[in-house]
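Student: A single structure is presented below for examination.
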Amino acid sequence: MNATLRRTRAEPHSLLSRFDSRTAMVVVSALGAVPLLTIALISPGFLRDNAFPLLTIIMVFTAVTVLFAVKVGTLNDIQFGVFGAGGMIGVALSAYLIADPAGTRAVTSMLAVVPAIAASGSPTRVTAVLTAGSVALASWLSIITLSASGIPIACIAVGAATTTVLVPVILIAALRRSLLAVNGRLNVLANTDPLTGLLNRRGMLSHVEDLLDTTCVERGQISAFVVDIDHFKAVNDSLGHAAGDRILVTIADALRHATDDTESDDAIVSRIGGEEFLVLTPRILESPLETAILEHVRSECEVTVSVGSVTADVRTALDPRLTVDGISEEPHIEHVIDTLMHAADNALYDAKSSGRDQASHAGTMLVTWAPRGAYERALHSPNAVRRTSPNTTGPRQATAEE
């Protein structure tokens, strides 16, 4: 068999989608230095003597930060650390240049901005370093501003400055951890069948894309097994749905045991329908998986199953830049799964027709696949070849030919 599998390319991202929240906050906070320059120009006495050369350097660094962030769209951790540290030093120097101690203390509070931004989306080490630097700069400014008022006042100011920096960092870091934990739980719920604990269709698709990428690069094979419980409706009708649920759980356990026994550690086991399961494994096993599935179900469950399977050679698409009716397309994971399942379902029908409690194999088919990134690289290549399908009635559908 030969399967040609492609999908319509997504629309281009909008300009705003280039920026992550951390980079956007860096740009906004950097622009906060502009009012200081405006005030200094309107009221020169607001700053210490000879402050303009240093203030000019600060403004140049601010401009570089904004322009670089706008250009790259998303700052990596190193870039954020460099510009964040530079920004904090700029804030501290700006506060020092203010002649009025009250103004210095007001600007000092801005030192909490960069560590707070770091806590919202940076690794713990980056956040810790920037927080420590911010506390040190805030303490230095408090000491030089209030040292004339006495040691007790200076110590209180240092404590207040430290608290101003630490409180938002701790709160944001705690909220981030809680959000990540909630998202993790939601992700599990969204990708897992709640009854059996197996992957559902959505969760299975994300794993299969990784499997296809690896198998395509290695020019290997994958096997797909559709497992269906024999006479499951009769079980529900005679024993009730609670008994049917217990049987589904035992079938799920049997599938796990079968993949463990055949040492198919990379097998993807999922529940894709009421009483239907799908198992995908990256290679042809020495011990046939369908045999192990039948044996484990017979010994562990009160029912039997029928198994339909197909083997697929996964090969790189010869032209991932193909366009159909003027629309650029790339391989679509759902088309791959649907094509594999269609072939395995035909084999399953043969197994059912032959008396159930047995397996049938549909043979080997060819699947073309472009590993992630190959389509984008080819599409933007200066030598990209654009072709048009002879079918002008609409986008080409997935096909399978013997």
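Ordering of the structure tokens sets the chain letters (A, B, ...), residue numbers begin anew at 1 in every chain, and ligands are numbered from 1 in the order given.
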Can you tell me which residues surround Gln358 in chain A at a distance of at most 9 Å, considering only C-alpha atoms, apart from same-chain residues fewer than 3 positions away, and format the answer as a list in words?
Tutor: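 Surrounding residues, per the criterion: Glu290, Thr291, Leu294, Thr304, Val305, Ser306, Val307, Gly308, Ala351, Lys352, Ser354 and Gly355 of chain A.
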Student: Give me, as a PyMOL selection string, the residues of range 106-144 of chain A that a backbone DSSP run labels alpha helix (DSSP H).
Tutor: chain A and resi 106-108+113-121+124-144
Student: Just write the chosen residues, N, CA and C atoms, as a short mmCIF file (atom, residue, chain, number, x, y, z; two decimals), in the first residue's frame.
Tutor:
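Writing the result to again_15.cif gives the following:
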data_model
loop_
_atom_site.label_atom_id
_atom_site.label_comp_id
_atom_site.auth_asym_id
_atom_site.auth_seq_id
_atom_site.Cartn_x
_atom_site.Cartn_y
_atom_site.Cartn_z
N ALA A 106 12.02 56.44 45.74
CA ALA A 106 10.90 56.08 44.87
C ALA A 106 11.37 55.25 43.68
N VAL A 107 12.49 55.67 43.06
CA VAL A 107 13.01 54.94 41.90
C VAL A 107 13.59 53.59 42.34
N THR A 108 14.13 53.53 43.56
CA THR A 108 14.69 52.27 44.07
C THR A 108 13.66 51.14 44.03
N VAL A 113 11.17 45.14 39.69
CA VAL A 113 10.48 44.77 38.45
C VAL A 113 11.15 43.58 37.76
N VAL A 114 12.48 43.67 37.53
CA VAL A 114 13.16 42.62 36.77
C VAL A 114 13.10 41.26 37.48
N PRO A 115 13.39 41.17 38.81
CA PRO A 115 13.24 39.86 39.46
C PRO A 115 11.81 39.32 39.39
N ALA A 116 10.81 40.21 39.45
CA ALA A 116 9.42 39.75 39.35
C ALA A 116 9.15 39.18 37.97
N ILE A 117 9.69 39.85 36.94
CA ILE A 117 9.53 39.33 35.57
C ILE A 117 10.22 37.97 35.46
N ALA A 118 11.41 37.86 36.05
CA ALA A 118 12.14 36.58 36.01
C ALA A 118 11.34 35.47 36.68
N ALA A 119 10.71 35.79 37.81
CA ALA A 119 9.94 34.77 38.53
C ALA A 119 8.76 34.28 37.73
N SER A 120 8.29 35.08 36.77
CA SER A 120 7.11 34.70 36.00
C SER A 120 7.41 33.69 34.90
N GLY A 121 8.70 33.56 34.50
CA GLY A 121 8.96 32.65 33.38
C GLY A 121 10.39 32.24 33.18
N THR A 124 14.89 28.84 37.84
CA THR A 124 15.11 29.25 39.23
C THR A 124 16.46 29.92 39.42
N ARG A 125 17.50 29.41 38.76
CA ARG A 125 18.83 29.98 38.95
C ARG A 125 18.89 31.42 38.44
N VAL A 126 18.29 31.69 37.29
CA VAL A 126 18.27 33.05 36.75
C VAL A 126 17.51 33.98 37.68
N THR A 127 16.37 33.51 38.18
CA THR A 127 15.57 34.33 39.10
C THR A 127 16.34 34.61 40.38
N ALA A 128 17.03 33.61 40.91
CA ALA A 128 17.77 33.79 42.16
C ALA A 128 18.90 34.79 41.99
N VAL A 129 19.64 34.69 40.88
CA VAL A 129 20.77 35.61 40.65
C VAL A 129 20.27 37.05 40.51
N LEU A 130 19.22 37.24 39.71
CA LEU A 130 18.69 38.59 39.52
C LEU A 130 18.08 39.14 40.81
N THR A 131 17.45 38.29 41.59
CA THR A 131 16.88 38.74 42.86
C THR A 131 17.98 39.16 43.83
N ALA A 132 19.04 38.36 43.92
CA ALA A 132 20.16 38.71 44.80
C ALA A 132 20.80 40.02 44.36
N GLY A 133 20.97 40.21 43.05
CA GLY A 133 21.53 41.45 42.55
C GLY A 133 20.64 42.64 42.86
N SER A 134 19.34 42.45 42.72
CA SER A 134 18.40 43.53 43.00
C SER A 134 18.43 43.91 44.48
N VAL A 135 18.47 42.92 45.35
CA VAL A 135 18.53 43.20 46.79
C VAL A 135 19.81 43.95 47.13
N ALA A 136 20.93 43.54 46.53
CA ALA A 136 22.21 44.21 46.80
C ALA A 136 22.17 45.66 46.34
N LEU A 137 21.63 45.93 45.15
CA LEU A 137 21.57 47.30 44.65
C LEU A 137 20.61 48.15 45.49
N ALA A 138 19.45 47.56 45.87
CA ALA A 138 18.50 48.30 46.69
C ALA A 138 19.10 48.62 48.06
N SER A 139 19.85 47.68 48.62
CA SER A 139 20.49 47.93 49.92
C SER A 139 21.55 49.03 49.80
N TRP A 140 22.34 48.99 48.73
CA TRP A 140 23.36 50.02 48.52
C TRP A 140 22.74 51.41 48.42
N LEU A 141 21.66 51.53 47.66
CA LEU A 141 21.00 52.82 47.52
C LEU A 141 20.41 53.29 48.85
N SER A 142 19.85 52.38 49.62
CA SER A 142 19.28 52.75 50.92
C SER A 142 20.35 53.25 51.87
N ILE A 143 21.51 52.61 51.83
CA ILE A 143 22.60 52.99 52.74
C ILE A 143 23.15 54.37 52.38
N ILE A 144 23.44 54.60 51.09
CA ILE A 144 24.02 55.89 50.71
C ILE A 144 23.01 57.02 50.82
#
Student: Mind listing the strand (DSSP E) residues of range 122-237 of chain A, per DSSP on the backbone, as a list in words?
Tutor: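 Output for range 122-237 of chain A, strand (DSSP E) only: Gln221, Ile222, Ser223, Ala224, Phe225, Val226, Val227, Asp228 and Ile229 of chain A.
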Student: To one decimal place, how far is CA of Glu218 in chain A from CA of Ala370 in chain A in Å?
Tutor: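 Taking CA of Glu218 in chain A and CA of Ala370 in chain A, their separation equals 12.5 Å.
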Student: Considering only C-alpha atoms, can you say which of A:Gln79, A:Thr196, A:Ser206, A:Ser223 comes closest to Arg256 in chain A?
Tutor: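 Closest candidate: A:Thr196.
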Student: List the spatial neighbours of Asp261 in chain A as a VMD selection string - criterion: any atom at most 10 Å away, only C-alpha atoms, same-chain residues fewer than 2 positions off excluded.
Tutor: chain A and resid 255 to 259 263 to 265 287 289 292 to 293 296
Student: Could the residues in this selection be written to a file with C-alpha atoms, as a PDB file, in the first residue's frame?
Tutor:
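Result went into result-v5.pdb, see below:
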ATOM      1  CA  LEU A 255      -2.530  -4.787  27.100  1.00  0.00           C
ATOM      2  CA  ARG A 256       0.047  -3.242  29.414  1.00  0.00           C
ATOM      3  CA  HIS A 257       1.245  -6.691  30.491  1.00  0.00           C
ATOM      4  CA  ALA A 258       1.449  -7.843  26.864  1.00  0.00           C
ATOM      5  CA  THR A 259       3.641  -4.903  25.841  1.00  0.00           C
ATOM      6  CA  GLU A 263       9.727  -5.692  25.748  1.00  0.00           C
ATOM      7  CA  SER A 264       8.040  -3.069  23.596  1.00  0.00           C
ATOM      8  CA  ASP A 265       8.995  -0.263  25.969  1.00  0.00           C
ATOM      9  CA  SER A 287       7.616 -12.314  19.837  1.00  0.00           C
ATOM     10  CA  LEU A 289       2.527  -8.698  20.089  1.00  0.00           C
ATOM     11  CA  ALA A 292       0.833 -11.884  23.600  1.00  0.00           C
ATOM     12  CA  ILE A 293      -2.335  -9.744  23.656  1.00  0.00           C
ATOM     13  CA  HIS A 296      -2.951 -12.225  28.339  1.00  0.00           C
TER      14      HIS A 296
END
Student: Excluding range 60-73 of chain A and any residue of its chain fewer than 3 positions from it, enumerate the residues within 7 Å of it, using only C-alpha atoms, and give them as number ranges by chain.
Tutor: A: 18-19, 23, 27, 30, 56-57, 83
